[in-house]
Structures are given as structure tokens and as C-alpha cells.
$ cat upload_7.cif   # mmCIF, C-alpha atoms and all ligand atoms
data_input
#
loop_
_atom_site.label_atom_id
_atom_site.label_comp_id
_atom_site.auth_asym_id
_atom_site.auth_seq_id
_atom_site.Cartn_x
_atom_site.Cartn_y
_atom_site.Cartn_z
CA MET A 1 0.00 0.00 0.00
CA ASP A 2 1.88 3.04 -1.30
CA ASP A 3 0.20 5.76 0.73
CA CYS A 4 -0.36 3.87 4.00
CA ILE A 5 1.50 5.49 6.89
CA PHE A 6 2.08 2.22 8.77
CA CYS A 7 3.33 0.48 5.58
CA LYS A 8 5.80 3.36 5.14
CA ILE A 9 7.03 2.88 8.72
CA ALA A 10 7.22 -0.91 8.18
CA ARG A 11 9.33 -0.36 5.03
CA GLY A 12 11.62 2.08 6.88
CA GLU A 13 10.61 5.02 4.66
CA ILE A 14 9.47 6.93 7.75
CA GLY A 15 11.67 6.63 10.83
CA SER A 16 10.19 5.55 14.15
CA LYS A 17 11.56 4.16 17.40
CA ILE A 18 11.04 0.39 17.22
CA ILE A 19 10.32 -0.96 20.70
CA TYR A 20 10.22 -4.64 19.66
CA GLU A 21 9.90 -6.61 16.42
CA ASN A 22 9.67 -10.17 15.18
CA ASP A 23 9.23 -11.53 11.64
CA ASN A 24 5.68 -10.21 11.13
CA PHE A 25 5.04 -7.50 13.73
CA PHE A 26 6.68 -4.45 15.28
CA SER A 27 5.78 -1.96 17.99
CA ILE A 28 6.31 1.81 18.11
CA PRO A 29 5.25 4.66 20.41
CA ASP A 30 1.91 6.21 19.38
CA ALA A 31 2.49 9.65 17.81
CA ASN A 32 -0.29 11.15 19.97
CA PRO A 33 -0.07 9.23 23.24
CA ILE A 34 -3.10 9.40 25.53
CA VAL A 35 -0.82 8.35 28.40
CA GLU A 36 2.94 7.79 28.89
CA GLY A 37 3.93 4.54 27.18
CA HIS A 38 0.94 4.39 24.77
CA THR A 39 2.27 2.01 22.11
CA LEU A 40 1.06 0.50 18.83
CA ILE A 41 1.48 -3.14 17.76
CA ILE A 42 1.51 -3.27 13.94
CA PRO A 43 1.78 -6.12 11.40
CA LYS A 44 4.50 -5.58 8.79
CA LYS A 45 2.08 -6.65 6.04
CA HIS A 46 -0.93 -4.50 5.18
CA PHE A 47 -4.15 -5.92 6.66
CA LYS A 48 -7.01 -3.47 7.00
CA THR A 49 -8.64 -5.09 10.04
CA LEU A 50 -8.28 -8.12 12.27
CA LEU A 51 -10.56 -10.01 9.88
CA ASP A 52 -7.89 -9.80 7.16
CA MET A 53 -5.06 -11.18 9.31
CA PRO A 54 -4.38 -14.92 8.93
CA SER A 55 -4.97 -16.69 12.25
CA THR A 56 -1.63 -18.46 11.76
CA LEU A 57 0.01 -15.14 12.78
CA ALA A 58 -1.73 -15.06 16.15
CA GLY A 59 1.24 -16.56 18.00
CA GLU A 60 3.62 -13.94 16.66
CA LEU A 61 1.09 -11.22 17.41
CA PHE A 62 0.92 -12.31 21.05
CA ASP A 63 4.71 -12.56 21.19
CA CYS A 64 4.94 -8.93 20.04
CA ILE A 65 2.27 -7.80 22.50
CA LYS A 66 3.85 -9.56 25.48
CA LYS A 67 7.47 -8.55 24.78
CA THR A 68 6.38 -4.96 24.12
CA VAL A 69 4.35 -4.75 27.33
CA GLU A 70 7.24 -6.18 29.36
CA LYS A 71 9.53 -3.47 27.96
CA ILE A 72 7.23 -0.48 28.37
CA ILE A 73 6.00 -1.48 31.82
CA LYS A 74 9.60 -1.90 32.97
CA ASN A 75 10.33 1.62 31.71
CA ILE A 76 7.46 3.39 33.46
CA ASN A 77 6.86 1.23 36.53
CA ALA A 78 9.27 3.08 38.85
CA GLY A 79 6.43 4.71 40.77
CA GLY A 80 4.31 1.63 41.48
CA SER A 81 2.08 -0.98 39.88
CA VAL A 82 1.03 -0.48 36.29
CA GLY A 83 -1.67 -2.36 34.36
CA PHE A 84 -2.52 -2.17 30.68
CA ASN A 85 -5.39 -2.35 28.19
CA ILE A 86 -5.22 -3.71 24.64
CA VAL A 87 -7.51 -1.79 22.27
CA ASN A 88 -8.18 -2.75 18.64
CA ASN A 89 -10.52 -0.56 16.56
CA ASN A 90 -11.92 -2.26 13.44
CA PHE A 91 -13.68 -0.20 10.75
CA LYS A 92 -14.72 3.46 10.89
CA ALA A 93 -17.83 2.77 12.96
CA ALA A 94 -15.61 1.47 15.76
CA GLY A 95 -13.21 4.42 15.58
CA GLN A 96 -10.54 3.06 13.22
CA VAL A 97 -8.70 6.03 11.70
CA VAL A 98 -5.58 4.38 10.26
CA ASN A 99 -6.73 1.63 7.88
CA HIS A 100 -3.84 -0.72 8.64
CA LEU A 101 -4.50 -3.17 11.48
CA HIS A 102 -2.98 -2.13 14.81
CA PHE A 103 -3.44 -2.72 18.52
CA HIS A 104 -3.11 0.00 21.13
CA ILE A 105 -1.28 -0.87 24.34
CA ILE A 106 -2.42 1.61 26.98
CA PRO A 107 -0.56 1.52 30.30
CA ARG A 108 -2.90 2.08 33.25
CA ARG A 109 -2.56 3.18 36.84
CA ASP A 110 -5.07 3.09 39.69
CA GLY A 111 -7.30 6.17 39.50
CA ASP A 112 -5.85 7.50 36.22
CA GLY A 113 -9.37 8.36 35.00
CA ILE A 114 -8.88 6.90 31.52
CA LYS A 115 -12.09 5.49 30.05
CA VAL A 116 -11.68 2.41 27.84
CA ILE A 117 -14.82 1.04 26.17
CA ALA A 118 -15.49 -2.60 27.09
P1 LIG B 1 -7.09 4.27 15.43
O1 LIG B 1 -8.14 5.26 15.82
O2 LIG B 1 -7.00 4.05 13.94
O3 LIG B 1 -7.20 2.98 16.21
O4 LIG B 1 -5.73 4.92 15.92
C1 LIG B 1 -4.69 5.32 15.09
C2 LIG B 1 -3.53 5.72 15.98
O5 LIG B 1 -2.38 5.89 15.17
C3 LIG B 1 -3.75 7.05 16.73
O6 LIG B 1 -3.60 6.81 18.14
C4 LIG B 1 -2.66 7.96 16.19
O7 LIG B 1 -2.13 8.80 17.18
C5 LIG B 1 -1.63 6.97 15.66
N1 LIG B 1 -0.85 7.46 14.54
C6 LIG B 1 -1.33 8.05 13.41
N2 LIG B 1 -0.31 8.34 12.57
C7 LIG B 1 0.82 7.91 13.18
C8 LIG B 1 2.20 7.93 12.81
O8 LIG B 1 2.58 8.37 11.72
N3 LIG B 1 3.09 7.39 13.69
C9 LIG B 1 2.69 6.88 14.88
N4 LIG B 1 3.65 6.39 15.70
N5 LIG B 1 1.39 6.84 15.27
C10 LIG B 1 0.49 7.36 14.44
ZN ZN B 2 -0.49 -0.44 5.41
#
$ encode --input "upload_7.cif" --output "C-alpha cells" --more "lines below"
Ligand code: 5GP
Ligand code: ZN
Amino acid sequence: MDDCIFCKIARGEIGSKIIYENDNFFSIPDANPIVEGHTLIIPKKHFKTLLDMPSTLAGELFDCIKKTVEKIIKNINAGGSVGFNIVNNNFKAAGQVVNHLHFHIIPRRDGDGIKVIA
């Protein structure tokens, strides 16, 4: 996808700090973080939504999620216990803005006031 921002990052045409990567996924800080450590998990191939991603990649997806969370929690956990939410918006009606599959990792603290739909 020539004009897809996440494909450009995956191809290295736009620089970004890679937090973790494996063969099919990478993670980078969100450009507009809603909280410190807000991170995106992104497949290197262009899939519009979760429905387009082969289920055979699920293991690698979870590897990327878990290794990324371990790294970012270690970085920001100095002050106490930190939790996290995983958010995945699919299609415009659900709030998807970038049409390349991605998962938000949102670090959470007790009483931080962040509202996550669930
Ligand atoms: P969505 O609403 O599609 O789930 O969220 C898209 C997310 O991508 C937003 O949180 C937005 O801040 C982030 N984003 C959009 N463009 C870029 C970019 O070029 N680089 C990075 N790191 N994040 C981006
Ligand atoms: Zn793409």
C-alpha cells in the first residue's frame, strides 16, 4: 500500500523508534499518546482489520504484544504498579482512523481516570 503510513514505517521510509519486532510484527510509540507509554502493535504486512489477518500469525502477534508490554512497563513502573489495556478498533464505525490493522497498548494506573470502552 503506497500511501499507508504504517506500511511506510514498516518499510523504513518513515523513521520511528522500534520498541520490539519479530518476523511479522513491530511496535512503536503512538504519535499522539493518551498516556505515557501508549504504544502500537503493527503487522508488517498491510491488513485493514483483524478479519484480514491470517490466524496463523496469532502466535507472533501475542509474542509482540507480550514482549512490548514487558519493555514499556519496565520503563514506566518506577512509581508503582502499572496495568494495561489492549484496544483494537476495526472499521470506521468502531473508531478506526488508520486503515492498517494495529493494537493500542495503553498503560494504566489506579485512578488514572482513563475510560476504555469494554
Ligand atoms: P485508530 O483510531 O485508527 O485505532 O488509531 C490510530 C492511531 O495511530 C492514533 O492513536 C494515532 O495517534 C496513531 N498514529 C497516526 N499516525 C501515526 C504515525 O505516523 N506514527 C505513529 N507512531 N502513530 C500514528
Ligand atoms: Zn499499510
$ residues_near_ligand --input "upload_7.cif" --ligand "ligand ZN 2 (chain B)" --cutoff "12 Å" --atoms "all atoms listed in the file" --output "number ranges by chain"
A: 1-11, 42-49, 98-102
$ atom_distance --input "upload_7.cif" --atom1 "atom C6 of ligand LIG 1 (chain B)" --atom2 "CA of Tyr20 in chain A"
18.3 Å
$ closest_residue --input "upload_7.cif" --among "A:Arg109, A:Lys115, A:Lys74, A:Lys17" --to "ligand LIG 1 (chain B)" --atoms "all atoms listed in the file"
A:Lys17
$ closest_residue --input "upload_7.cif" --among "A:Ile86, A:Leu61, A:Val97, A:Val35" --to "ligand LIG 1 (chain B)" --atoms "all atoms listed in the file"
A:Val97
$ residues_near_ligand --input "upload_7.cif" --ligand "ligand LIG 1 (chain B)" --cutoff "6 Å" --atoms "only C-alpha atoms and all ligand atoms" --output "PyMOL selection string"
chain A and resi 5+28-32+89+95-98
$ atom_distance --input "upload_7.cif" --atom1 "CA of His104 in chain A" --atom2 "CA of Gly37 in chain A"
10.3 Å
$ atom_distance --input "upload_7.cif" --atom1 "CA of Val82 in chain A" --atom2 "CA of Ile34 in chain A"
15.2 Å
$ closest_residue --input "upload_7.cif" --among "A:Ile117, A:Met53, A:Val69, A:Ile14" --to "Ala94 in chain A" --atoms "only C-alpha atoms"
A:Ile117
$ closest_residue --input "upload_7.cif" --among "A:Asp23, A:Arg108, A:Ile72, A:Ser55" --to "Leu40 in chain A" --atoms "only C-alpha atoms"
A:Ile72
$ closest_residue --input "upload_7.cif" --among "A:Ile106, A:Ile65, A:Leu50, A:Ile73" --to "Pro33 in chain A" --atoms "all atoms listed in the file"
A:Ile106
$ decode --input "upload_7.cif" --residues "range 4-28 of chain A" --atoms "N, CA and C atoms" --output "short mmCIF file (atom, residue, chain, number, x, y, z; two decimals), in the first residue's frame"
data_model
loop_
_atom_site.label_atom_id
_atom_site.label_comp_id
_atom_site.auth_asym_id
_atom_site.auth_seq_id
_atom_site.Cartn_x
_atom_site.Cartn_y
_atom_site.Cartn_z
N CYS A 4 0.02 4.24 2.63
CA CYS A 4 -0.36 3.87 4.00
C CYS A 4 0.78 4.21 4.95
N ILE A 5 0.47 4.99 5.97
CA ILE A 5 1.50 5.49 6.89
C ILE A 5 2.21 4.34 7.63
N PHE A 6 1.44 3.32 8.03
CA PHE A 6 2.08 2.22 8.77
C PHE A 6 2.90 1.32 7.84
N CYS A 7 2.49 1.19 6.56
CA CYS A 7 3.33 0.48 5.58
C CYS A 7 4.64 1.23 5.37
N LYS A 8 4.58 2.56 5.33
CA LYS A 8 5.80 3.36 5.14
C LYS A 8 6.75 3.17 6.32
N ILE A 9 6.19 3.12 7.53
CA ILE A 9 7.03 2.88 8.72
C ILE A 9 7.60 1.47 8.65
N ALA A 10 6.76 0.49 8.26
CA ALA A 10 7.22 -0.91 8.18
C ALA A 10 8.35 -1.05 7.16
N ARG A 11 8.30 -0.28 6.07
CA ARG A 11 9.33 -0.36 5.03
C ARG A 11 10.56 0.48 5.37
N GLY A 12 10.49 1.24 6.48
CA GLY A 12 11.62 2.08 6.88
C GLY A 12 11.68 3.40 6.14
N GLU A 13 10.61 3.75 5.40
CA GLU A 13 10.61 5.02 4.66
C GLU A 13 10.33 6.20 5.59
N ILE A 14 9.67 5.92 6.71
CA ILE A 14 9.47 6.93 7.75
C ILE A 14 10.08 6.35 9.03
N GLY A 15 10.98 7.12 9.64
CA GLY A 15 11.67 6.63 10.83
C GLY A 15 10.76 6.59 12.04
N SER A 16 10.94 5.62 12.90
CA SER A 16 10.19 5.55 14.15
C SER A 16 10.99 4.69 15.12
N LYS A 17 10.85 4.96 16.40
CA LYS A 17 11.56 4.16 17.40
C LYS A 17 10.89 2.79 17.52
N ILE A 18 11.59 1.75 17.12
CA ILE A 18 11.04 0.39 17.22
C ILE A 18 11.27 -0.11 18.65
N ILE A 19 10.20 -0.46 19.33
CA ILE A 19 10.32 -0.96 20.70
C ILE A 19 10.65 -2.45 20.67
N TYR A 20 9.97 -3.20 19.80
CA TYR A 20 10.22 -4.64 19.66
C TYR A 20 9.75 -5.04 18.26
N GLU A 21 10.40 -6.06 17.69
CA GLU A 21 9.90 -6.61 16.42
C GLU A 21 10.22 -8.08 16.31
N ASN A 22 9.38 -8.79 15.59
CA ASN A 22 9.67 -10.17 15.18
C ASN A 22 9.43 -10.25 13.67
N ASP A 23 9.28 -11.43 13.11
CA ASP A 23 9.23 -11.53 11.64
C ASP A 23 8.04 -10.77 11.04
N ASN A 24 6.91 -10.75 11.73
CA ASN A 24 5.68 -10.21 11.13
C ASN A 24 5.05 -9.02 11.83
N PHE A 25 5.62 -8.61 12.97
CA PHE A 25 5.04 -7.50 13.73
C PHE A 25 6.13 -6.60 14.30
N PHE A 26 5.78 -5.35 14.57
CA PHE A 26 6.68 -4.45 15.28
C PHE A 26 5.84 -3.54 16.17
N SER A 27 6.49 -2.90 17.13
CA SER A 27 5.78 -1.96 17.99
C SER A 27 6.53 -0.64 18.04
N ILE A 28 5.75 0.45 18.07
CA ILE A 28 6.31 1.81 18.11
C ILE A 28 5.47 2.67 19.05
#
